[in-house]
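So this block is data-v5.tsv, TSV, C-alpha atoms:
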```tsv
chain	number	residue	atom	x	y	z
A	192	MET	CA	-45.15	-65.09	-153.78
A	193	CYS	CA	-44.76	-64.22	-150.15
A	194	GLY	CA	-47.60	-63.27	-147.80
A	195	LEU	CA	-50.64	-61.27	-148.77
A	196	ALA	CA	-50.93	-57.54	-148.41
A	197	PHE	CA	-54.42	-56.78	-147.21
A	198	PHE	CA	-55.86	-53.30	-147.19
A	199	HIS	CA	-58.86	-52.88	-144.93
A	200	LYS	CA	-60.44	-49.47	-144.78
A	201	GLY	CA	-62.08	-49.84	-141.38
A	202	GLY	CA	-63.39	-46.49	-140.13
A	203	VAL	CA	-61.70	-44.40	-142.81
A	204	MET	CA	-63.93	-42.21	-144.99
A	205	THR	CA	-66.00	-43.95	-147.62
A	206	GLY	CA	-67.83	-42.91	-150.74
A	207	THR	CA	-71.45	-41.82	-150.93
A	208	TYR	CA	-72.71	-45.12	-152.37
A	209	THR	CA	-69.86	-47.61	-151.89
A	210	ARG	CA	-67.00	-48.56	-149.62
A	211	ILE	CA	-63.85	-50.30	-150.80
A	212	VAL	CA	-63.67	-52.93	-148.10
A	213	SER	CA	-60.34	-54.49	-149.10
A	214	ILE	CA	-57.65	-54.86	-151.72
A	215	ILE	CA	-56.04	-58.30	-151.57
A	216	VAL	CA	-52.65	-58.73	-153.30
A	217	PRO	CA	-49.34	-60.39	-152.47
A	218	SER	CA	-47.14	-58.17	-150.30
A	219	VAL	CA	-44.08	-59.16	-152.36
A	220	ALA	CA	-43.69	-60.47	-155.93
A	221	GLN	CA	-40.84	-61.41	-158.28
A	222	ALA	CA	-40.22	-59.47	-161.49
A	223	GLY	CA	-42.10	-61.19	-164.33
A	224	GLU	CA	-44.53	-62.96	-161.99
A	225	SER	CA	-48.30	-62.80	-162.63
A	226	VAL	CA	-49.90	-60.95	-159.72
A	227	SER	CA	-53.63	-61.21	-158.90
A	228	ILE	CA	-55.59	-58.33	-157.40
A	229	GLU	CA	-58.95	-58.77	-155.69
A	230	VAL	CA	-60.94	-55.65	-154.77
A	231	GLN	CA	-64.00	-56.01	-152.56
A	232	ILE	CA	-66.58	-53.22	-152.84
A	233	GLN	CA	-69.63	-52.95	-150.59
A	234	SER	CA	-72.89	-51.15	-151.41
A	235	ILE	CA	-73.64	-48.74	-148.55
A	236	THR	CA	-76.62	-46.94	-150.06
A	237	SER	CA	-80.01	-47.98	-148.75
A	238	GLY	CA	-83.06	-48.51	-150.89
A	239	GLY	CA	-82.19	-51.37	-153.21
A	240	SER	CA	-79.34	-52.26	-155.53
A	241	ILE	CA	-76.78	-50.16	-157.36
A	242	ILE	CA	-74.62	-50.91	-160.40
A	243	VAL	CA	-70.94	-50.87	-159.43
A	244	THR	CA	-67.65	-51.25	-161.28
A	245	ALA	CA	-63.97	-50.76	-160.42
A	246	THR	CA	-61.03	-49.16	-162.19
A	247	GLY	CA	-57.51	-48.54	-161.07
A	248	ARG	CA	-53.91	-47.81	-161.83
A	249	ILE	CA	-50.67	-49.67	-161.26
A	250	ASP	CA	-48.28	-46.74	-160.97
A	251	ASN	CA	-49.19	-44.96	-164.26
A	252	THR	CA	-50.84	-47.87	-166.11
A	253	GLY	CA	-54.65	-48.03	-166.11
A	254	ILE	CA	-56.51	-51.23	-165.17
A	255	HIS	CA	-60.21	-52.02	-165.62
A	256	PHE	CA	-60.92	-55.20	-163.59
A	257	GLY	CA	-62.30	-56.96	-166.66
A	258	GLY	CA	-64.48	-53.99	-167.61
A	259	VAL	CA	-67.45	-55.60	-165.87
A	260	SER	CA	-70.13	-54.04	-163.68
A	261	HIS	CA	-72.36	-55.76	-161.15
A	262	ASN	CA	-75.74	-55.07	-159.59
A	263	VAL	CA	-74.91	-54.98	-155.85
A	264	PRO	CA	-77.75	-55.04	-153.27
A	265	TYR	CA	-77.52	-52.78	-150.21
A	266	GLY	CA	-75.10	-54.21	-147.63
A	267	SER	CA	-73.64	-56.77	-150.05
A	268	THR	CA	-70.02	-56.93	-151.15
A	269	GLN	CA	-68.86	-57.68	-154.69
A	270	SER	CA	-65.34	-58.75	-155.71
A	271	PHE	CA	-63.54	-57.49	-158.84
A	272	TYR	CA	-60.39	-59.17	-160.20
A	273	GLN	CA	-57.38	-58.12	-162.27
A	274	ASN	CA	-53.95	-59.59	-162.99
A	275	PHE	CA	-50.73	-57.87	-163.99
A	276	ILE	CA	-47.12	-58.84	-164.60
A	277	MET	CA	-44.83	-57.58	-161.87
A	278	PRO	CA	-42.25	-55.14	-163.28
A	279	ASP	CA	-38.66	-54.88	-162.05
A	280	ARG	CA	-39.63	-52.45	-159.28
A	281	SER	CA	-42.12	-52.12	-156.42
A	282	VAL	CA	-45.51	-50.73	-157.48
A	283	ASN	CA	-48.40	-48.76	-156.02
A	284	ILE	CA	-51.91	-49.97	-156.83
A	285	TYR	CA	-54.70	-47.37	-156.81
A	286	VAL	CA	-58.36	-48.42	-157.01
A	287	TRP	CA	-61.61	-46.48	-157.55
A	288	SER	CA	-65.20	-47.63	-157.18
A	289	TRP	CA	-67.75	-46.29	-159.64
A	290	VAL	CA	-71.55	-46.20	-159.42
A	291	LYS	CA	-73.97	-45.88	-162.33
A	292	LEU	CA	-76.44	-43.11	-161.47
A	293	THR	CA	-80.11	-43.06	-162.49
A	294	ASP	CA	-79.34	-40.66	-165.39
A	295	GLY	CA	-76.94	-43.28	-166.83
A	296	SER	CA	-73.73	-41.44	-165.95
A	297	TRP	CA	-70.92	-42.99	-163.89
A	298	HIS	CA	-69.90	-41.43	-160.55
A	299	GLN	CA	-66.42	-42.03	-159.11
A	300	ASP	CA	-67.23	-42.85	-155.49
A	301	ASP	CA	-64.49	-44.31	-153.29
A	302	SER	CA	-60.74	-44.85	-153.55
A	303	ALA	CA	-57.95	-46.82	-151.89
A	304	ASN	CA	-54.35	-47.83	-152.54
A	305	ILE	CA	-51.76	-50.41	-151.55
A	306	ARG	CA	-48.13	-51.23	-152.39
A	307	VAL	CA	-46.57	-54.47	-153.73
A	308	ALA	CA	-42.83	-54.74	-153.08
A	309	LEU	CA	-40.38	-56.28	-155.53
A	310	GLU	CA	-38.90	-59.46	-154.08
A	311	GLY	CA	-35.24	-58.98	-153.13
A	312	ALA	CA	-35.49	-55.18	-153.09
A	313	PRO	CA	-34.12	-53.53	-149.96
A	314	PRO	CA	-36.85	-52.86	-147.39
A	315	GLU	CA	-38.41	-49.44	-147.55
A	316	GLU	CA	-38.06	-47.12	-144.59
A	317	PRO	CA	-41.37	-46.58	-142.81
A	318	LEU	CA	-42.65	-43.03	-142.59
A	319	VAL	CA	-42.33	-41.54	-139.13
A	320	THR	CA	-44.60	-38.81	-137.79
A	321	VAL	CA	-43.16	-36.50	-135.18
A	322	GLU	CA	-45.42	-34.27	-133.11
A	323	ILE	CA	-43.93	-31.14	-131.62
A	324	VAL	CA	-45.63	-30.58	-128.28
A	325	SER	CA	-43.97	-27.31	-127.39
A	326	LEU	CA	-41.21	-25.18	-128.74
A	327	LYS	CA	-39.34	-22.59	-126.73
A	328	ALA	CA	-37.15	-20.04	-128.38
A	329	GLN	CA	-33.84	-19.32	-126.70
A	330	VAL	CA	-33.10	-15.62	-126.49
A	331	ASP	CA	-29.56	-14.46	-125.78
```
Structure encoded using structure tokens:
Amino acid sequence: MCGLAFFHKGGVMTGTYTRIVSIIVPSVAQAGESVSIEVQIQSITSGGSIIVTATGRIDNTGIHFGGVSHNVPYGSTQSFYQNFIMPDRSVNIYVWSWVKLTDGSWHQDDSANIRVALEGAPPEEPLVTVEIVSLKAQVD
């Protein structure tokens, strides 16, 4: 494995009850390699603890972070872990935080994503944003 890819949400929008603080994965992995994912979810609702879990997707394959839930006190952060075998292509990892509401139902609260590149694959071109400040039409 090469360096770690680290997603940090910073000031980006969060959920009502939780904030996905980070997704920690290797930035690059070899095909067939076991890849570990750590997702850190913070409780941002005041007034006690909430029950939190995480789910996700690696491209189109669902992941459940062990299918566990945790009681997370306000302001605390809880980690969730999952492993997968790196396929023969780069992958996108999508993660959702879920909160168990007082009526017993689960509420999908926050989301984030990150990419793991296949080792040896050509580098991907970064997206470029172009802002048009003014446009003048030429009239003949």
Excluding Glu310 in chain A and any residue of its chain fewer than 3 positions from it, enumerate the residues within 8 Å of it, using all atoms listed in the file, and give them as a short mmCIF file (atom, residue, chain, number, x, y, z; two decimals) with C-alpha atoms, keeping the file's coordinate frame.
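The new file out-v3.cif reads:
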```
data_model
loop_
_atom_site.label_atom_id
_atom_site.label_comp_id
_atom_site.auth_asym_id
_atom_site.auth_seq_id
_atom_site.Cartn_x
_atom_site.Cartn_y
_atom_site.Cartn_z
CA VAL A 219 -44.08 -59.16 -152.36
CA ALA A 220 -43.69 -60.47 -155.93
CA GLN A 221 -40.84 -61.41 -158.28
CA ALA A 222 -40.22 -59.47 -161.49
#
```
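Of note, CA of Asp301 in chain A and CA of Ser225 in chain A are spaced 26.3 Å apart.
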Env of range 244-251 of chain A: 10 Å cut, atoms = only C-alpha atoms, seq-sep filter 6 positions within chain, self excluded. Answer as an MDAnalysis selection string.
chainID A and resid 211 230:232 257:263 269:273 275 277 281:291 297 299:307
Mind pulling up the distance from CA of Thr293 in chain A to CA of Glu229 in chain A?
27.2 Å
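Minimum atom-to-atom distances from A:Ile215, A:Gly223, A:Ser240, A:Thr209 to His298 in chain A were compared using only C-alpha atoms, and the lowest value belongs to A:Thr209.
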Just the number, please: distance in Å from CA of Ile276 in chain A to CA of Ser227 in chain A, one decimal.
9.0 Å
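Nearest to Tyr265 in chain A of all the residues A:Gly253, A:Arg280, A:Tyr208, A:Asp294 is A:Tyr208, based on all atoms listed in the file.
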